[in-house]
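Read through the structure below, which is laid out as structure tokens, and then see the notes.
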Amino acid sequence: MSIQNMDLFQLTFTECTFEDCLFNGSRFREVEFHKCRFVNTSMWKAKFEQCYLDPRTIRLDRRYRVEAANVPVTMYQALLSNYSNERQDAFYADADIQFRRWKRYQLDWDIRSGKVDRMPGEWAKLKSLIYDVLAGYGYKPVRLFGFTIFFFLAISLLNHLLIGADLVVNGTRPAAPSIVDSIFYSFSVLTVLGFSTVVPDSPFAKMLTVFEALAAIGWLSIFTSVLVKRFLR
């Protein structure tokens with residue numbers, strides 16, 4: 001089906017499947033898609049005004065990443081404008097995640113084609129990928145919380161192995177390192193709460209503590225920004 005450069009006004013589609021269709025350059029005004037599916041449907045430079053379209057119903061093959069990443073980029077950009085104007089917050093979040101992912105795929109194509117320098121481009125891709133995996137571009141705070149607990153426990157285990165014997169508890173050094181003391185010490189440092197009953201007692205342990213505290217400040221800043229974006233925007 002080809003519906004290119006057309007103006008669709010006040011239409012409702014229910015339980016329809018659009019597969020390999022072309023909606024390039026079309027304008028959708030007060031159009032609703034209920035329980036519809038879009039499979040490899042091109043909406044390049046399409047416009048959406050007061051429309052209802054669940055972005056989760058859109059499926060595109062991997063070949064778009066290589067051949068035409070700019071097509072979904074422009075489509076999701078147009079959908080984001082529609083969702084913002086219509087206050088469809090859940091749809092906006094889903095579309096924004098996809099928009100950022102396709103921007104990353106497009107960046108990959110720009111790097112391979114020489115439009116973007118490799119080193120800055122690869123660094124931008126890596127940051128985008130990490131932000132996507134850890135926090136869903138800021139829309140998945142529970143996922144980031146889970147990663148935070150996992151990382152903090154991993155650091156606690158590392159501290160137990162490296163400096164567990166150098167921790168002083170209540171002013172005395174235990175006969176054997178305690179994993180509980182290592183976890184308490186590590187979480188106190190990483191959450192920037194400080195510590196009192198468990199303290200490092202070697203130059204290496206003290207330097208490691210300083211490094212972990214500085215790194216934790218950056219991590220917790222990111223975590224806080226994700227919470228603000230998700231719940232207070």
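Numbering starts fresh at 1 for the residues of each chain in the structure tokens, the chains themselves are lettered A, B, ... in the order given, and ligands are numbered from 1 as they appear.
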Under the rule of at most 9 Å, produce a per-residue listing of region 9-67 of chain A near region 90-99 of chain A: chain, number, name, the closest pair of atoms, and the distance in Å, as CSV, using only C-alpha atoms.
residue,atom,partner,partner_atom,distance
A:Leu53,CA,A:Phe91,CA,8.2
A:Asp54,CA,A:Phe91,CA,6.3
A:Pro55,CA,A:Ala95,CA,5.9
A:Arg56,CA,A:Asp94,CA,7.1
If we count only C-alpha atoms and set the cut-off at 8 Å, which residues sit around Arg104 (chain A), ignoring sequence neighbours fewer than 2 positions away in its own chain? Please answer as a PDB file with all heavy atoms, in the first residue's frame.
ATOM      1  N   ARG A 100      15.876   7.793  20.333  1.00  0.00           N
ATOM      2  CA  ARG A 100      17.287   7.849  20.717  1.00  0.00           C
ATOM      3  C   ARG A 100      18.052   6.635  20.201  1.00  0.00           C
ATOM      4  O   ARG A 100      19.222   6.747  19.802  1.00  0.00           O
ATOM      5  CB  ARG A 100      17.409   7.957  22.235  1.00  0.00           C
ATOM      6  CG  ARG A 100      16.907   9.288  22.800  1.00  0.00           C
ATOM      7  CD  ARG A 100      16.788   9.217  24.304  1.00  0.00           C
ATOM      8  NE  ARG A 100      16.255  10.431  24.874  1.00  0.00           N
ATOM      9  CZ  ARG A 100      16.995  11.391  25.446  1.00  0.00           C
ATOM     10  NH1 ARG A 100      18.304  11.269  25.485  1.00  0.00           N
ATOM     11  NH2 ARG A 100      16.432  12.460  25.953  1.00  0.00           N
ATOM     12  N   ARG A 101      17.407   5.471  20.206  1.00  0.00           N
ATOM     13  CA  ARG A 101      18.072   4.280  19.671  1.00  0.00           C
ATOM     14  C   ARG A 101      18.336   4.426  18.173  1.00  0.00           C
ATOM     15  O   ARG A 101      19.433   4.106  17.696  1.00  0.00           O
ATOM     16  CB  ARG A 101      17.216   3.046  19.934  1.00  0.00           C
ATOM     17  CG  ARG A 101      17.233   2.588  21.379  1.00  0.00           C
ATOM     18  CD  ARG A 101      16.277   1.445  21.616  1.00  0.00           C
ATOM     19  NE  ARG A 101      16.287   1.015  23.006  1.00  0.00           N
ATOM     20  CZ  ARG A 101      15.406   0.178  23.535  1.00  0.00           C
ATOM     21  NH1 ARG A 101      14.436  -0.332  22.776  1.00  0.00           N
ATOM     22  NH2 ARG A 101      15.494  -0.163  24.812  1.00  0.00           N
ATOM     23  N   TRP A 102      17.339   4.905  17.452  1.00  0.00           N
ATOM     24  CA  TRP A 102      17.528   5.053  16.017  1.00  0.00           C
ATOM     25  C   TRP A 102      18.511   6.171  15.692  1.00  0.00           C
ATOM     26  O   TRP A 102      19.209   6.110  14.673  1.00  0.00           O
ATOM     27  CB  TRP A 102      16.184   5.270  15.315  1.00  0.00           C
ATOM     28  CG  TRP A 102      15.417   3.998  15.187  1.00  0.00           C
ATOM     29  CD1 TRP A 102      14.370   3.580  15.946  1.00  0.00           C
ATOM     30  CD2 TRP A 102      15.679   2.952  14.254  1.00  0.00           C
ATOM     31  NE1 TRP A 102      13.952   2.342  15.544  1.00  0.00           N
ATOM     32  CE2 TRP A 102      14.725   1.929  14.502  1.00  0.00           C
ATOM     33  CE3 TRP A 102      16.601   2.773  13.231  1.00  0.00           C
ATOM     34  CZ2 TRP A 102      14.698   0.749  13.776  1.00  0.00           C
ATOM     35  CZ3 TRP A 102      16.576   1.591  12.490  1.00  0.00           C
ATOM     36  CH2 TRP A 102      15.636   0.603  12.762  1.00  0.00           C
ATOM     37  N   GLN A 106      21.665   5.628  13.334  1.00  0.00           N
ATOM     38  CA  GLN A 106      22.006   6.567  12.274  1.00  0.00           C
ATOM     39  C   GLN A 106      23.446   7.075  12.444  1.00  0.00           C
ATOM     40  O   GLN A 106      24.169   7.240  11.449  1.00  0.00           O
ATOM     41  CB  GLN A 106      21.042   7.749  12.276  1.00  0.00           C
ATOM     42  CG  GLN A 106      21.266   8.722  11.112  1.00  0.00           C
ATOM     43  CD  GLN A 106      20.289   9.884  11.140  1.00  0.00           C
ATOM     44  OE1 GLN A 106      19.852  10.311  12.194  1.00  0.00           O
ATOM     45  NE2 GLN A 106      19.936  10.390   9.977  1.00  0.00           N
ATOM     46  N   LEU A 107      23.852   7.296  13.684  1.00  0.00           N
ATOM     47  CA  LEU A 107      25.219   7.724  13.947  1.00  0.00           C
ATOM     48  C   LEU A 107      26.204   6.664  13.477  1.00  0.00           C
ATOM     49  O   LEU A 107      27.274   6.992  12.939  1.00  0.00           O
ATOM     50  CB  LEU A 107      25.401   7.998  15.440  1.00  0.00           C
ATOM     51  CG  LEU A 107      26.792   8.433  15.900  1.00  0.00           C
ATOM     52  CD1 LEU A 107      27.217   9.716  15.199  1.00  0.00           C
ATOM     53  CD2 LEU A 107      26.820   8.609  17.418  1.00  0.00           C
ATOM     54  N   ASP A 108      25.863   5.404  13.676  1.00  0.00           N
ATOM     55  CA  ASP A 108      26.722   4.322  13.204  1.00  0.00           C
ATOM     56  C   ASP A 108      26.896   4.389  11.686  1.00  0.00           C
ATOM     57  O   ASP A 108      28.002   4.214  11.161  1.00  0.00           O
ATOM     58  CB  ASP A 108      26.132   2.972  13.610  1.00  0.00           C
ATOM     59  CG  ASP A 108      27.026   1.809  13.215  1.00  0.00           C
ATOM     60  OD1 ASP A 108      28.158   1.735  13.713  1.00  0.00           O
ATOM     61  OD2 ASP A 108      26.587   0.977  12.399  1.00  0.00           O
ATOM     62  N   LYS A 125      28.284   6.977  20.552  1.00  0.00           N
ATOM     63  CA  LYS A 125      27.528   5.723  20.476  1.00  0.00           C
ATOM     64  C   LYS A 125      27.619   4.947  21.788  1.00  0.00           C
ATOM     65  O   LYS A 125      26.618   4.419  22.273  1.00  0.00           O
ATOM     66  CB  LYS A 125      28.058   4.861  19.336  1.00  0.00           C
ATOM     67  CG  LYS A 125      27.521   5.157  17.959  1.00  0.00           C
ATOM     68  CD  LYS A 125      28.185   4.272  16.922  1.00  0.00           C
ATOM     69  CE  LYS A 125      28.125   2.819  17.316  1.00  0.00           C
ATOM     70  NZ  LYS A 125      28.871   1.945  16.376  1.00  0.00           N
ATOM     71  N   SER A 128      25.520   6.547  24.493  1.00  0.00           N
ATOM     72  CA  SER A 128      24.104   6.303  24.230  1.00  0.00           C
ATOM     73  C   SER A 128      23.721   4.877  24.599  1.00  0.00           C
ATOM     74  O   SER A 128      22.679   4.635  25.212  1.00  0.00           O
ATOM     75  CB  SER A 128      23.798   6.574  22.753  1.00  0.00           C
ATOM     76  OG  SER A 128      22.455   6.248  22.442  1.00  0.00           O
ATOM     77  N   LEU A 129      24.587   3.914  24.233  1.00  0.00           N
ATOM     78  CA  LEU A 129      24.308   2.509  24.522  1.00  0.00           C
ATOM     79  C   LEU A 129      24.276   2.255  26.024  1.00  0.00           C
ATOM     80  O   LEU A 129      23.375   1.568  26.537  1.00  0.00           O
ATOM     81  CB  LEU A 129      25.365   1.625  23.860  1.00  0.00           C
ATOM     82  CG  LEU A 129      25.248   0.116  24.126  1.00  0.00           C
ATOM     83  CD1 LEU A 129      23.922  -0.411  23.611  1.00  0.00           C
ATOM     84  CD2 LEU A 129      26.422  -0.629  23.490  1.00  0.00           C
TER      85      LEU A 129
END
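Put simply, CA of Glu122 (chain A) is 22.9 Å away from CA of Tyr76 (chain A).
With only C-alpha atoms as the atoms that count, the minimum distance from Glu19 (chain A) to the choices A:Val31, A:Ile58, A:Ala215, A:Ile179 is reached by A:Ile58.
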Please extract the residues of region 86-177 of chain A with a backbone DSSP assignment of helix (DSSP H, G or I) and present them as a PyMOL selection string. chain A and resi 86+89-112+118-138+141-166
Considering only C-alpha atoms, can you say which of A:Phe23, A:Phe211, A:Phe187, A:Phe18 comes closest to Ile149 (chain A)? A:Phe187
Within 10 Å of Cys16 (chain A), counting only C-alpha atoms, which residues qualify if same-chain residues fewer than 2 places away don't, as an mmCIF file with N, CA and C atoms, in the first residue's frame?
data_model
loop_
_atom_site.group_PDB
_atom_site.id
_atom_site.type_symbol
_atom_site.label_atom_id
_atom_site.label_comp_id
_atom_site.auth_asym_id
_atom_site.auth_seq_id
_atom_site.Cartn_x
_atom_site.Cartn_y
_atom_site.Cartn_z
ATOM 1 N N PHE A 13 -8.770 3.688 12.400
ATOM 2 C CA PHE A 13 -8.414 2.346 11.942
ATOM 3 C C PHE A 13 -8.410 1.423 13.158
ATOM 4 N N THR A 14 -9.036 0.269 13.026
ATOM 5 C CA THR A 14 -9.135 -0.678 14.133
ATOM 6 C C THR A 14 -8.689 -2.061 13.675
ATOM 7 N N PHE A 18 -0.532 -2.886 8.835
ATOM 8 C CA PHE A 18 0.102 -2.183 7.728
ATOM 9 C C PHE A 18 1.508 -2.753 7.556
ATOM 10 N N GLU A 19 1.691 -3.503 6.496
ATOM 11 C CA GLU A 19 2.976 -4.163 6.274
ATOM 12 C C GLU A 19 3.588 -3.696 4.963
ATOM 13 N N PHE A 33 -5.377 5.018 15.521
ATOM 14 C CA PHE A 33 -5.041 3.642 15.173
ATOM 15 C C PHE A 33 -5.206 2.793 16.440
ATOM 16 N N HIS A 34 -6.251 1.971 16.481
ATOM 17 C CA HIS A 34 -6.531 1.144 17.650
ATOM 18 C C HIS A 34 -6.238 -0.321 17.328
ATOM 19 N N LYS A 35 -5.376 -0.917 18.154
ATOM 20 C CA LYS A 35 -5.004 -2.326 17.987
ATOM 21 C C LYS A 35 -4.484 -2.611 16.584
ATOM 22 N N CYS A 36 -3.751 -1.672 16.045
ATOM 23 C CA CYS A 36 -3.166 -1.838 14.718
ATOM 24 C C CYS A 36 -1.707 -2.238 14.837
ATOM 25 N N ARG A 37 -1.158 -2.769 13.752
ATOM 26 C CA ARG A 37 0.250 -3.157 13.708
ATOM 27 C C ARG A 37 0.895 -2.523 12.484
ATOM 28 N N PHE A 38 2.134 -2.043 12.695
ATOM 29 C CA PHE A 38 2.903 -1.464 11.598
ATOM 30 C C PHE A 38 4.192 -2.275 11.454
#
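Those residues that approach Ser182 (chain A) to within 9 Å, counting only C-alpha atoms, are Ser156, Leu157, Asn159, His160, Ile163, Gly164, Leu167 and Val198 of chain A; same-chain residues fewer than 6 positions away are not listed.
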What would the file look like if the residues just selected were written as a compact mmCIF listing (two decimals), in the first residue's frame with N, CA and C atoms?
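Writing done, so here's selection-v1.txt:
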# COMPACT_ATOMS: atom_id res chain seq x y z
N SER A 156 31.48 -4.18 46.99
CA SER A 156 31.64 -4.66 48.37
C SER A 156 32.47 -5.94 48.39
N LEU A 157 32.20 -6.84 47.44
CA LEU A 157 32.98 -8.08 47.37
C LEU A 157 34.43 -7.79 47.02
N ASN A 159 36.06 -5.00 47.65
CA ASN A 159 36.67 -4.41 48.84
C ASN A 159 37.00 -5.49 49.88
N HIS A 160 36.12 -6.46 50.00
CA HIS A 160 36.36 -7.54 50.96
C HIS A 160 37.64 -8.30 50.61
N ILE A 163 40.75 -5.13 50.67
CA ILE A 163 41.06 -4.38 51.89
C ILE A 163 40.27 -4.88 53.11
N GLY A 164 39.66 -6.04 52.98
CA GLY A 164 38.87 -6.56 54.11
C GLY A 164 39.69 -6.70 55.37
N LEU A 167 40.37 -3.23 57.50
CA LEU A 167 39.27 -2.48 58.08
C LEU A 167 39.27 -2.63 59.60
N VAL A 198 33.33 1.52 61.08
CA VAL A 198 34.24 0.76 60.22
C VAL A 198 35.06 1.75 59.42
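Residue nearest Phe145 (chain A) within the list A:Thr224, A:Thr74, A:Gln88, A:Thr57: A:Thr224 [criterion: smallest interatomic distance, only C-alpha atoms].
Neighbouring residues of Val66 (chain A) at 8 Å or closer, counting only C-alpha atoms and skipping chain neighbours under 4 positions away, are Arg62, Tyr105 and Trp109 of chain A.
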So that I can see what lies close to Leu11 (chain A), please list as a VMD selection string the residues with an atom at most 10 Å from it, counting only C-alpha atoms and leaving out residues fewer than 4 positions away in the same chain. chain A and resid 28 to 33 51
Just the residues within 8 Å of Lys103 (chain A), please, counting only C-alpha atoms, with nothing from its chain fewer than 5 positions along; format it as a PDB file with C-alpha atoms, in the first residue's frame.
ATOM      1  CA  ALA A  69      17.974   4.673   9.881  1.00  0.00           C
ATOM      2  CA  ASN A  70      16.911   8.232   9.018  1.00  0.00           C
ATOM      3  CA  VAL A  73      14.352   8.921  13.168  1.00  0.00           C
TER       4      VAL A  73
END
For Asp201 (chain A), the closest of A:Asp61, A:Asp132, A:Asp166, A:Glu86 counting only C-alpha atoms is A:Asp166
CA of Ser81 (chain A) to CA of Asp20 (chain A), straight-line distance in Å: 24.1 Å
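Relative to CA of Ile130 (chain A), CA of Leu227 (chain A) is found at 17.0 Å.
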Step one, run DSSP on the backbone; step two, keep only residues of region 161-205 of chain A assigned to strand (DSSP E or B); then write them as a PyMOL selection string. chain A and resi 167-169+172+198-200
